[in-house]
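Quick notes on the structure that follows.
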Protein chains: 2
Amino acid sequence: MRELRERILKEGQNLGNGILKVDGFVNHQVDPGLMDACGKEFARRFASVGATKVLTAEISGIAPALTTALHLGLPVVYARKTKPITMPDQVYLTLAPSHTKGRTVELIISPEFLAHDEKVLIIDDFLASGATILGLVRLAEAAGSHVVGVGALIEKSFEGGRAALQTLGVPIESLACIVAMEGDSIRFLEK
Amino acid sequence: MRELRERILKEGQNLGNGILKVDGFVNHQVDPGLMDACGKEFARRFASVGATKVLTAEISGIAPALTTALHLGLPVVYARKTKPITMPDQVYLTLAPSHTKGRTVELIISPEFLAHDEKVLIIDDFLASGATILGLVRLAEAAGSHVVGVGALIEKSFEGGRAALQTLGVPIESLACIVAMEGDSIRFLEK
């Protein structure tokens with residue numbers, strides 16, 4: 001998506017070690033108009049997968065997942081990283097290593113909001129190693145649901161996430177696919 | 001807002017100790033259509049305050065703040081509760097006691113995204129004791145910004161937050177104001 005690629009080129013910062021800082025429009029300050037445009041584009045690309053629910057992980061996945069769900073007319077569930085007191089004792093929980101946090105995080109979903117036979121569209125901000133998204137896949141499968149698609153705002157193709165998700169056999173879409181970051185140069189796969 | 005009150009009556013659960021569970025449409029699963037309607041209503045109520053930025057706290061404030069900002073055409077900043085590696089060393093940080101978490105949480109904003117003389121509209125999911133919102137007010141003031149309005153999806157008027165915020169002298173709006181919760185009975189201030 002040209003609009004997103006241009007914004008990354010204008011404001012994204014390569015902090016080294018594969019970390020792309022996009023705190024000005026995705027991860028701390030959010031541009032709602034851009035998120036809405038991204039949600040609309042995801043809704044278009046996943047229009048035919050028959051999703052019944054959008055799934056993401058708090059925190060930074062919430063904005064793009066919400067706008068995607070809005071355009072698809074579906075509810076969105078965000079996996080929690082700490083169990084709130086409102087959640088029942090029996091939950092779906094999995095562990096996922098977080099590259100940007102430098103530690104393993106818990107991903108937790110209440111069985112109240114993920115049922116058998118749901119068709120789950122996973123949306124997140126980044127597709128890097130795929131570890132977080134694979135965690136969401138495990139939660140969906142534990143609930144007896146089926147993943148029908150995976151979308152990420154920004155893919156870093158050199159971290160191998162797409163290959164890790166390929167066995168799911170579902171469409172994987174990213175709106176800006178970065179093939180290389182070197183110093184101030186960020187190179188995209190044009191599409 | 002009638003739509004929100006009706007949804008609380010239908011799906012909200014009083015867990016005791018002043019805890020209202022709305023995990024089915026606000027805090028774990030989110031209803032994007034309802035959030036969009038709430039954002040539109042906040043945008044209408046705060047149309048004349050001259051806000052230049054919407055401010056909220058992760059995690060549950062993000063959805064209503066995003067839709068409000070979308071309808072107002074403004075950026076939204078969410079205060080982080082842990083400092084990500086993408087944030088500079090020098091930050092605005094304050095502590096706020098969290099009733100639902102049973103502990104004090106940090107609220108952190110990067111100076112990159114809150115400037116002098118911004119006019120800040122604070123949007124959150126709940127207005128209970130007002131502790132989180134007062135934390136956001138302190139961060140805004142530390143940055144030299146001015147709070148011009150406070151909006152919450154759900155107010156629990158019996159926890160005193162509105163009184164705690166009154167000295168700000170700005171409009172305070174809630175879309176569903178609960179005056180009493182006893183057992184299965186949830187009573188609203190009609191408006």
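We name chains A, B, ... following the order of the structure tokens; residues begin at 1 in each chain, and ligands are numbered from 1 as shown.
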Would you kindly report the residues of chain A within 8 Å of chain B, using only C-alpha atoms, as an NGL selection string? :A and (15 or 21 or 23-24 or 28-33 or 58-59 or 62-63 or 66-67 or 69-70 or 73-80 or 84-86 or 100-101 or 113)
List the spatial neighbours of range 124-134 of chain B as a PyMOL selection string - criterion: any atom at most 8 Å away, only C-alpha atoms, same-chain residues fewer than 2 positions off excluded. chain B and resi 26+56-57+60-62+64-65+96-98+122+136-138+151-162+164-165+174
Writing out the chosen residues with N, CA, C and O atoms as a compact mmCIF listing (two decimals), in the first residue's frame:
# COMPACT_ATOMS: atom_id res chain seq x y z
N VAL B 26 -15.92 -4.27 25.10
CA VAL B 26 -14.94 -3.20 25.33
C VAL B 26 -13.54 -3.72 25.66
O VAL B 26 -12.57 -3.33 25.04
N THR B 56 -4.82 8.87 25.46
CA THR B 56 -5.44 7.79 26.24
C THR B 56 -4.33 6.96 26.87
O THR B 56 -3.15 7.28 26.76
N ALA B 57 -4.73 5.91 27.59
CA ALA B 57 -3.77 5.00 28.19
C ALA B 57 -4.00 3.62 27.60
O ALA B 57 -5.13 3.21 27.40
N SER B 60 -7.10 -0.58 27.19
CA SER B 60 -8.52 -0.54 26.82
C SER B 60 -8.99 0.83 26.37
O SER B 60 -10.08 0.95 25.81
N GLY B 61 -8.19 1.86 26.58
CA GLY B 61 -8.58 3.17 26.08
C GLY B 61 -8.37 3.31 24.58
O GLY B 61 -8.93 4.22 23.94
N ILE B 62 -7.57 2.42 24.00
CA ILE B 62 -7.16 2.62 22.60
C ILE B 62 -8.34 2.62 21.64
O ILE B 62 -8.44 3.49 20.78
N PRO B 64 -11.78 3.27 21.96
CA PRO B 64 -12.61 4.48 21.89
C PRO B 64 -11.82 5.74 21.53
O PRO B 64 -12.34 6.63 20.86
N ALA B 65 -10.55 5.81 21.95
CA ALA B 65 -9.75 7.00 21.62
C ALA B 65 -9.47 7.04 20.12
O ALA B 65 -9.51 8.11 19.49
N ALA B 96 0.19 5.78 38.59
CA ALA B 96 -1.24 5.85 38.89
C ALA B 96 -1.69 4.54 39.50
O ALA B 96 -1.39 3.47 38.96
N PRO B 97 -2.41 4.59 40.61
CA PRO B 97 -2.93 3.35 41.19
C PRO B 97 -4.03 2.78 40.30
O PRO B 97 -4.85 3.53 39.78
N SER B 98 -4.01 1.48 40.06
CA SER B 98 -5.05 0.85 39.24
C SER B 98 -5.91 -0.03 40.12
O SER B 98 -5.43 -1.00 40.71
N ILE B 122 -8.67 13.98 26.53
CA ILE B 122 -8.41 12.66 27.12
C ILE B 122 -9.64 11.78 26.95
O ILE B 122 -10.75 12.19 27.30
N LEU B 136 -2.88 10.92 33.34
CA LEU B 136 -2.73 11.47 31.98
C LEU B 136 -2.69 12.99 32.01
O LEU B 136 -1.95 13.62 31.25
N VAL B 137 -3.48 13.60 32.91
CA VAL B 137 -3.48 15.06 33.06
C VAL B 137 -2.08 15.53 33.48
O VAL B 137 -1.52 16.48 32.92
N ARG B 138 -1.47 14.82 34.45
CA ARG B 138 -0.12 15.20 34.90
C ARG B 138 0.89 15.11 33.77
O ARG B 138 1.76 15.97 33.62
N GLY B 151 -13.29 12.50 28.29
CA GLY B 151 -14.43 11.65 27.93
C GLY B 151 -14.19 10.21 28.34
O GLY B 151 -13.08 9.71 28.20
N ALA B 152 -15.22 9.55 28.86
CA ALA B 152 -15.12 8.13 29.21
C ALA B 152 -16.36 7.42 28.69
O ALA B 152 -17.46 7.97 28.71
N LEU B 153 -16.15 6.20 28.21
CA LEU B 153 -17.30 5.43 27.76
C LEU B 153 -18.27 5.23 28.92
O LEU B 153 -19.46 5.49 28.80
N ILE B 154 -17.73 4.74 30.05
CA ILE B 154 -18.56 4.35 31.19
C ILE B 154 -18.06 5.05 32.44
O ILE B 154 -16.88 4.94 32.79
N GLU B 155 -18.95 5.77 33.09
CA GLU B 155 -18.62 6.43 34.35
C GLU B 155 -19.30 5.68 35.50
O GLU B 155 -20.46 5.28 35.39
N LYS B 156 -18.54 5.45 36.58
CA LYS B 156 -19.16 4.92 37.80
C LYS B 156 -19.18 6.09 38.77
O LYS B 156 -18.18 6.35 39.45
N SER B 157 -20.30 6.80 38.80
CA SER B 157 -20.34 8.09 39.51
C SER B 157 -20.10 7.92 41.00
O SER B 157 -19.63 8.84 41.66
N PHE B 158 -20.38 6.71 41.52
CA PHE B 158 -20.24 6.48 42.97
C PHE B 158 -18.78 6.30 43.39
O PHE B 158 -18.49 6.13 44.57
N GLU B 159 -17.83 6.36 42.44
CA GLU B 159 -16.41 6.26 42.81
C GLU B 159 -15.69 7.60 42.82
O GLU B 159 -14.48 7.67 43.07
N GLY B 160 -16.44 8.67 42.51
CA GLY B 160 -15.92 10.02 42.78
C GLY B 160 -14.97 10.62 41.77
O GLY B 160 -14.39 11.68 42.03
N GLY B 161 -14.79 9.99 40.61
CA GLY B 161 -13.83 10.51 39.64
C GLY B 161 -14.17 11.89 39.11
O GLY B 161 -13.29 12.73 38.93
N ARG B 162 -15.45 12.12 38.87
CA ARG B 162 -15.87 13.42 38.31
C ARG B 162 -15.49 14.55 39.26
O ARG B 162 -14.98 15.59 38.84
N ALA B 164 -13.08 14.51 41.41
CA ALA B 164 -11.61 14.64 41.41
C ALA B 164 -11.11 15.44 40.21
O ALA B 164 -10.05 16.07 40.27
N LEU B 165 -11.87 15.41 39.11
CA LEU B 165 -11.45 16.09 37.88
C LEU B 165 -12.04 17.49 37.74
O LEU B 165 -11.66 18.25 36.85
N SER B 174 -19.41 11.44 29.88
CA SER B 174 -19.43 9.98 29.83
C SER B 174 -20.64 9.55 29.03
O SER B 174 -21.67 10.23 29.03
Just the alpha helix (DSSP H) stuff from range 9-187 of chain B, please, per backbone DSSP, written as a VMD selection string. chain B and resid 9 to 11 32 to 45 62 to 72 131 to 142 161 to 165
Mind listing the strand (DSSP E) residues of range 18-186 of chain B, per DSSP on the backbone, as a VMD selection string? chain B and resid 19 to 21 29 to 30 53 to 57 76 to 79 92 to 98 103 to 109 119 to 127 146 to 156 172 to 182 185 to 186
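Coordinates place CA of Ala115 in chain B at a distance of 12.4 Å from CA of Val147 in chain B.
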